[in-house]
Amino acid sequence: MTYAEIPVSFDRDIRPILSENCYHCHGPDENSREADLRLDTEQGLLTDRILTPGKSEESELFRRISSTDHSIVMPPVDSNRTLTLEQTKLIKRWINQGAKWQGHWAFESVERPTVPKVSSDWPRNEIDHFVWRQLQTKNRHPNPEADKARLLRRVKLDITGLPPTIEELDQFLADESSEAYENMVDRFLALPEFGERMAWNWLDVARYADSNGYQGDRERTMWPWRDWVVKSFNENKPYDEFTIEQLAGDLLPEATQEQKLATGFCRNHMINGEGGRIAEENRIEYIFDQTETMGTVWLGLTLTCSRCHDHKYDPISQQEYYQFFDYFNQTSVTGGGGDPQMPPNLQIPSQHQQDQIVKSQQQIRQLEQQRKEYWLLQVPAYQQWQHDELERLQKMESPWQVMQPVKATAEHQTLTIQGDQTILASGDNPFNDTYRVLLKTELPEVQVVRLDALCHTTMTENGLARSDSGNFVLTEIDFEIVHLDGTSQPLEISSAVASYEQGGLKIANTFDGNPQSGWAVLQNKFVDRDHAGLFRFKKSSAISEGDLLVVTLHHDSVHQHHNLGHFQISASSQADVSLKHETLELRNALLTSAIQRTDSQNKLLEERYLQQDEVYQQLTKQLEQEKQKQESVRKQIPVVMTMQDMSSRRETFILAKGIYDKPIEKVLPGLPQKLLFDENYLSDEQNRLTLARWLVDRRHPLTARVTVNRYWQMFFGLGLVKTPEDFGSQGEKPTHPELLDWMSAEFMESGWDLKHLIQMMVNSATYRQSAEVTPDIYESDPENQLLARGHRLRMPSWMLRDQALFISGLLINRKGGPPVYPYQPEGIWAEATFGKKKYKQDTGEKLYRRTLYSFWRRIVGPTMLFDNSPRQSCSVRDYRTNTPLHALVTLNDITYVEAARAFAQRLMLAEDNDEQRIELAMRLAISRSPESLETDILLTRLKKLKDQYQQNPASATELLQVGESSRDETLDPVEHASWVGICSLILNLDETLCR
């Protein structure tokens with residue numbers, strides 16, 4: 001076959017060239033498209049004016065890309081893009097071979113390819129058949145299988161994040177059966193540590209953290225969602241259910257608390273509570289995050305590009321972006337403030353907390369019943385007390401005297417003087433009204449007048465007026481003394497105070513001369529208590545026999561029917577009386593007949609009576625203590641932000657350049673046309689549940705491929721598609737496309753069984769290969785894309801910490817719960833938070849929990865993690881680094897020094913001689929025995945350390961004080977410190993740091 005005859009694939013060979021060099025001006029983005037020409041669609045590219053299949057010399061496309069004339073060459077000279085000679089030749093060959101079109105591989109449906117037949121016994125499962133065939137095309141052969149010890153360590157670390165125990169290692173090495181390895185894999189998949197290991201990558205994907213981010217960075221309590229993730233992995237929840245519950249669990253029929261909790265995935269985004277931020281701008285940013293996270297995790301597409309314009313490379317228009325956006329745009333989130341428990345949310349009590357609350361509720365009910373029964377027994381004594389108390393009060397001299405109404409009239413209503421000297425309005429209920437009340441008193445002078453607004457059963461909701469809320473608005477009040485000879489003397493008010501003032505409706509408004517203002521007292525939806533106002537006059541006024549005090553009350557408010565309905569007027573000759581006077585209130589309550597008393601009057605009487613009852617007070621004290629206890633438990637219950645759509649739909653608009661206050665055109669929720677494989681989705685109710693079900697439909701081309709690729713990346717170090725976040729035109733092509741499709745089909749058709757997918761990967765001969773490589777092979781395939789060897793990978797920093805704690809014996813393997821605060825440098829949070837946040841380190845077992853449970857402050861991540869996603873946005877790539885910070889941490893951080901100390905103590909207590917200790921140390925750390933040369937090197941180093949510490953025992957003592965874990969004081973300090981040095985060295989071996 002000649003060079004010209006070698007088949008050219010449009011999808012593999014031509015589209016990447018056009019995408020990189022042409023789509024910017026001739027791609028999906030209509031706004032930047034030049035000459036009305038599209039090269040990203042079959043119709044646009046194969047039009048007669050562009051291509052003549054089979055004849056490159058007659059094709060305008062080839063003429064332009066091969067031209068040397070700067071005025072017509074494409075891409076234009078000023079575009080900073082140019083085709084290489086090889087790329088130009090490749091396009092020419094494609095045209096001459098007939099210019100056959102192919103859709104982008106990732107947008108084509110997943111069809112299960114036929115497993116290649118191979119003439120080798122190397123394959124262990126279907127994965128290996130595809131890998132073998134690819135190797136044969138390159139005339140390459142796979143590596144032999146890794147030795148059993150290395151293989152066991154590799155797979156245990158990959159599946160659980162922890163190395164094998166000595167017992168697991170010995171058991172596996174002794175098992176000569178053909179299923180020994182597969183049995184260990186099944187055992188590791190069944191361990192609870194599996195869920196913790198899988199959860200780590202998912203927390204990166206979900207941008208999980210324990211604080212909001214931004215300047216305030218307030219703490220949040222999303223950790224029950226984290227525990228749900230661990231539980232879901234351990235239970236092997238089918239990935240389609242795992243997807244649906246996190247995107248739309250709240251919309252499932254009869255959704256459980258766990259399904260609602262799962263939607264915390266969508267709410268893990270950062271929250272901006274900085275002063276001056278515009279609430280709507282925040283809200284839009286949160287939905288951008290939710291939309292684009294969905295696009296990255298399940299579609300593997302860079303949706304962010306479509307915020308501002310049609311995607312320049314992939315078939316996602318700006319309108320389709322905002323159709324996705326609408327699915328997430330329906331919650332009650334306003335974007336205002338920085339509340340880390342911003343509704344909608346869900347309280348997630350632990351079982352212990354639930355038990356405490358149930359027990360407390362039972363105790364509260366018992367105490368309330370005891371108190372009620374006791375009160376019923378006191379009714380006769382209570383009635384006698386009322387009679388005696390009224391007699392007592394009537395004999396007392398009070399600073400207040402209830403004035404006796406002589407006449408009370410209104411312009412529209414009927415005012416009736418009641419037996420207790422109160423005045424009640426009835427009859428018509430006009431918009432406005434004015435009252436005139438004539439009163440007499442035995443006081444020699446009047447300094448202060450008190451107006452009591454009293455609740456009554458004839459008022460709205462037993463309130464103070466016949467308005468919609470039981471509220472009144474007193475716009476003006478006038479006082480004058482009318483003398484017996486008919487002359488009058490106005491009383492000028494100097495000041496006033498009220499029991500309550502509603503916003504700007506102050507009592508001072510009642511004498512400001514403005515009928516549009518006034519005094520009102522509404523606190524809740526309805527007025528439910530008495531209120532009072534006290535008016536002081538500028539000077540005292542004498543009252544002679546026969547004189548009357550005339551009070552005029554104006555109700556001229558724009559609020560209709562807000563006329564005072566039931567009131568009483570009292571006076572005092574003492575200038576220093578206060579508004580609060582329980583004697584007057586108590587006397588008024590006792591003078592009111594039992595059937596007409598308001599709730600507040602009954603409450604006052606009962607409280608005064610029961611103050612002297614020790615039994616009742618003791619029951620009340622116990623009840624309050626129990627309620628406080630319950631409230632204390634409730635305050636400790638974590639609150640998780642979740643999803644819940646509003647009852648009425650919020651409109652969604654395309655936003656110009658993605659700017660929150662620049663709406664262009666209204667859009668409805670919907671799915672992108674290119675990925676709409678079933679138009680029935682258009683007729684379904686358009687909500688997040690529809691979106692989630694579409695994502696996990698067997699016919700969806702992306703979800704399974706994207707997911708399988710991420711797990712391949714987890715176990716092999718590099719995805720079959722090198723760009724896990726971009727399966728679009730600008731992303732890398734799969735190195736083994738048929739293998740990716742076969743596994744994707746198998747994943748879906750197995751019921752989205754993740755453990756089955758992992759079993760296939762780690763049981764394959766491809767995974768089990770030795771990682772040894774020659775310089776020539778490494779140079780020809782440095783990233784091991786051909787899969788001709790096992791992957792040797794630097795472990796992530798979280799796994800290194802867990803491994804060090806595990807090997808040393810310090811690891812506390814408690815599952816779930818609130819985050820913990822391990823060792824970190826003092827003041828690590830202070831600089832980033834202007835001193836407002838101070839790191840408070842935990843003590844005891846919490847220092848040795850798995851890193852998964854460490855508190856994650858979003859603006860200052862855990863300092864022991866030098867290679868992790870910052871968790872500020874969705875991240876699907878694995879982070880690996882050889883930065884010098886790596887060694888600074890693993891050699892000097894308290895956790896690692898303490899781990900080396902505990903590791904040394906473990907060795908010294910387990911074995912008696914140095915050679916045996918080195919043997920045990922190497923088997924614990926790297927799952928193999930040391931070679932003789934390695935033992936000699938370590939023994940030489942040990943002797944040197946002993947000499948140094950014998951000469952300076954104080955430094956040995958200082959080293960052994962690092963960390964809070966206890967030390968066996970029976971161990972010789974010099975020898976212990978020397979072994980700490982050896983253990984630190986072993987923990988920092990390249991073989992220990994890699995898997």
# chains A, B, ... in the order shown; residues from 1 in each chain; ligands from 1

call {"tool": "residues_around", "arguments": {"residues": "segment 692-694 of chain A", "least_positions_apart": "5", "cutoff": "12 Å", "atoms": "only C-alpha atoms", "output": "PyMOL selection string"}}
result
chain A and resi 239-252+263+294-295+298-299+324+327-328+670-672+675-682+684-687+699-703

call {"tool": "select_by_dssp", "arguments": {"residues": "segment 565-683 of chain A", "states": "helix (DSSP H, G or I)", "output": "JSON, numbers by chain"}}
result
{"A": [582, 583, 584, 585, 586, 587, 588, 589, 590, 591, 594, 595, 596, 599, 600, 601, 602, 603, 604, 605, 606, 607, 608, 609, 610, 614, 615, 616, 617, 618, 619, 620, 621, 622, 623, 624, 625, 626, 627, 628, 629, 630, 631, 632, 633, 634, 635, 636, 656, 657, 658, 673, 674, 675, 680, 681, 682, 683]}

call {"tool": "atom_distance", "arguments": {"atom1": "atom CA of Cys983 of chain A", "atom2": "atom CA of Ala904 of chain A"}}
result
6.1 Å

call {"tool": "closest_residue", "arguments": {"among": "A:Val706, A:Val497, A:Leu619, A:Ile287", "to": "Lys372 of chain A", "atoms": "only C-alpha atoms"}}
result
A:Leu619

call {"tool": "residues_around", "arguments": {"residues": "Trp94 of chain A", "least_positions_apart": "6", "cutoff": "12 Å", "atoms": "only C-alpha atoms", "output": "ChimeraX atom specification"}}
result
/A:3-15,51-56,59,61-62,87-88,100-102

call {"tool": "atom_distance", "arguments": {"atom1": "atom CA of Leu83 of chain A", "atom2": "atom CA of Gly27 of chain A"}}
result
17.1 Å

call {"tool": "closest_atom_pairs", "arguments": {"of": "segment 715-816 of chain A", "to": "segment 844-860 of chain A", "cutoff": "7 Å", "atoms": "only C-alpha atoms", "output": "JSON lines"}}
result
{"residue": "A:Trp798", "atom": "CA", "partner": "A:Thr851", "partner_atom": "CA", "distance": 5.8}
{"residue": "A:Asp802", "atom": "CA", "partner": "A:Arg850", "partner_atom": "CA", "distance": 5.8}
{"residue": "A:Leu805", "atom": "CA", "partner": "A:Tyr848", "partner_atom": "CA", "distance": 6.9}
{"residue": "A:Leu810", "atom": "CA", "partner": "A:Tyr848", "partner_atom": "CA", "distance": 6.2}
{"residue": "A:Leu811", "atom": "CA", "partner": "A:Tyr848", "partner_atom": "CA", "distance": 5.1}
{"residue": "A:Ile812", "atom": "CA", "partner": "A:Arg849", "partner_atom": "CA", "distance": 5.0}
{"residue": "A:Asn813", "atom": "CA", "partner": "A:Arg849", "partner_atom": "CA", "distance": 6.3}
{"residue": "A:Arg814", "atom": "CA", "partner": "A:Arg849", "partner_atom": "CA", "distance": 6.9}

call {"tool": "write_last_selection", "arguments": {"atoms": "N, CA and C atoms", "output": "PDB file, in the first residue's frame"}}
result
ATOM      1  N   TRP A 798      -2.656  12.950  49.941  1.00  0.00           N
ATOM      2  CA  TRP A 798      -3.590  12.437  50.949  1.00  0.00           C
ATOM      3  C   TRP A 798      -3.324  10.963  51.213  1.00  0.00           C
ATOM      4  N   ASP A 802      -2.149   9.026  54.741  1.00  0.00           N
ATOM      5  CA  ASP A 802      -2.873   7.863  55.263  1.00  0.00           C
ATOM      6  C   ASP A 802      -1.957   6.654  55.385  1.00  0.00           C
ATOM      7  N   LEU A 805       0.355   6.982  58.462  1.00  0.00           N
ATOM      8  CA  LEU A 805      -0.377   6.689  59.699  1.00  0.00           C
ATOM      9  C   LEU A 805      -0.679   5.197  59.820  1.00  0.00           C
ATOM     10  N   LEU A 810      -0.682   4.333  63.835  1.00  0.00           N
ATOM     11  CA  LEU A 810      -1.402   5.447  64.448  1.00  0.00           C
ATOM     12  C   LEU A 810      -2.810   5.636  63.883  1.00  0.00           C
ATOM     13  N   LEU A 811      -3.080   5.145  62.693  1.00  0.00           N
ATOM     14  CA  LEU A 811      -4.331   5.444  62.009  1.00  0.00           C
ATOM     15  C   LEU A 811      -5.538   4.999  62.827  1.00  0.00           C
ATOM     16  N   ILE A 812      -6.456   5.919  63.028  1.00  0.00           N
ATOM     17  CA  ILE A 812      -7.742   5.628  63.673  1.00  0.00           C
ATOM     18  C   ILE A 812      -8.775   5.492  62.558  1.00  0.00           C
ATOM     19  N   ASN A 813      -9.290   4.307  62.413  1.00  0.00           N
ATOM     20  CA  ASN A 813     -10.125   4.026  61.245  1.00  0.00           C
ATOM     21  C   ASN A 813     -11.609   4.214  61.533  1.00  0.00           C
ATOM     22  N   ARG A 814     -11.945   5.288  62.266  1.00  0.00           N
ATOM     23  CA  ARG A 814     -13.351   5.585  62.529  1.00  0.00           C
ATOM     24  C   ARG A 814     -13.961   6.208  61.277  1.00  0.00           C
TER      25      ARG A 814
END

call {"tool": "residues_around", "arguments": {"residues": "Ser469 of chain A", "least_positions_apart": "3", "cutoff": "12 Å", "atoms": "only C-alpha atoms", "output": "number ranges by chain"}}
result
A: 459-466, 472-473, 520-528, 559-563

call {"tool": "write_last_selection", "arguments": {"atoms": "C-alpha atoms", "output": "JSON list (two decimals), in the first residue's frame"}}
result
[["chain", "number", "residue", "atom", "x", "y", "z"],
["A", 459, "MET", "CA", -61.60, 42.70, 67.03],
["A", 460, "THR", "CA", -59.79, 40.96, 64.15],
["A", 461, "GLU", "CA", -58.02, 37.85, 65.48],
["A", 462, "ASN", "CA", -58.79, 39.09, 69.03],
["A", 463, "GLY", "CA", -56.56, 42.07, 68.36],
["A", 464, "LEU", "CA", -56.80, 45.83, 68.88],
["A", 465, "ALA", "CA", -58.87, 46.93, 65.89],
["A", 466, "ARG", "CA", -61.18, 45.69, 63.15],
["A", 472, "PHE", "CA", -54.45, 50.41, 64.54],
["A", 473, "VAL", "CA", -52.80, 53.62, 63.36],
["A", 520, "ALA", "CA", -48.87, 51.51, 65.07],
["A", 521, "VAL", "CA", -47.83, 48.30, 66.82],
["A", 522, "LEU", "CA", -47.89, 45.35, 64.37],
["A", 523, "GLN", "CA", -45.10, 42.83, 65.09],
["A", 524, "ASN", "CA", -46.29, 39.64, 63.43],
["A", 525, "LYS", "CA", -49.01, 38.77, 60.93],
["A", 526, "PHE", "CA", -51.67, 39.77, 63.48],
["A", 527, "VAL", "CA", -51.61, 41.86, 66.67],
["A", 528, "ASP", "CA", -51.81, 39.42, 69.57],
["A", 559, "HIS", "CA", -54.53, 52.03, 55.88],
["A", 560, "GLN", "CA", -58.25, 51.29, 55.95],
["A", 561, "HIS", "CA", -60.20, 50.37, 59.11],
["A", 562, "HIS", "CA", -57.14, 50.94, 61.35],
["A", 563, "ASN", "CA", -59.25, 52.55, 64.11]]

call {"tool": "closest_residue", "arguments": {"among": "A:Met761, A:Val640, A:Met864, A:Ile271", "to": "Gly216 of chain A", "atoms": "only C-alpha atoms"}}
result
A:Ile271

call {"tool": "residues_around", "arguments": {"residues": "Tyr214 of chain A", "least_positions_apart": "3", "cutoff": "10 Å", "atoms": "only C-alpha atoms", "output": "mmCIF file with C-alpha atoms, in the first residue's frame"}}
result
data_model
loop_
_atom_site.group_PDB
_atom_site.id
_atom_site.type_symbol
_atom_site.label_atom_id
_atom_site.label_comp_id
_atom_site.auth_asym_id
_atom_site.auth_seq_id
_atom_site.Cartn_x
_atom_site.Cartn_y
_atom_site.Cartn_z
ATOM 1 C CA SER A 211 -16.345 26.379 54.213
ATOM 2 C CA ASP A 217 -15.138 31.832 54.237
ATOM 3 C CA ARG A 218 -17.808 30.873 56.768
ATOM 4 C CA MET A 270 -18.623 28.461 46.782
ATOM 5 C CA ILE A 271 -20.813 31.119 48.411
ATOM 6 C CA ASN A 272 -19.839 34.776 48.275
ATOM 7 C CA GLY A 273 -20.885 36.694 51.379
ATOM 8 C CA GLU A 274 -18.634 39.704 50.866
ATOM 9 C CA GLY A 338 -23.155 34.353 52.997
ATOM 10 C CA ALA A 832 -5.729 34.892 54.685
ATOM 11 C CA THR A 833 -8.630 35.905 56.942
ATOM 12 C CA ARG A 858 -11.565 26.593 50.913
ATOM 13 C CA ILE A 859 -9.267 29.630 50.841
ATOM 14 C CA GLN A 872 -13.074 25.838 44.352
#

call {"tool": "closest_residue", "arguments": {"among": "A:Arg371, A:Arg450, A:Arg153, A:His412", "to": "Asn429 of chain A", "atoms": "only C-alpha atoms"}}
result
A:His412

call {"tool": "atom_distance", "arguments": {"atom1": "atom CA of Met198 of chain A", "atom2": "atom CA of Gln759 of chain A"}}
result
13.9 Å
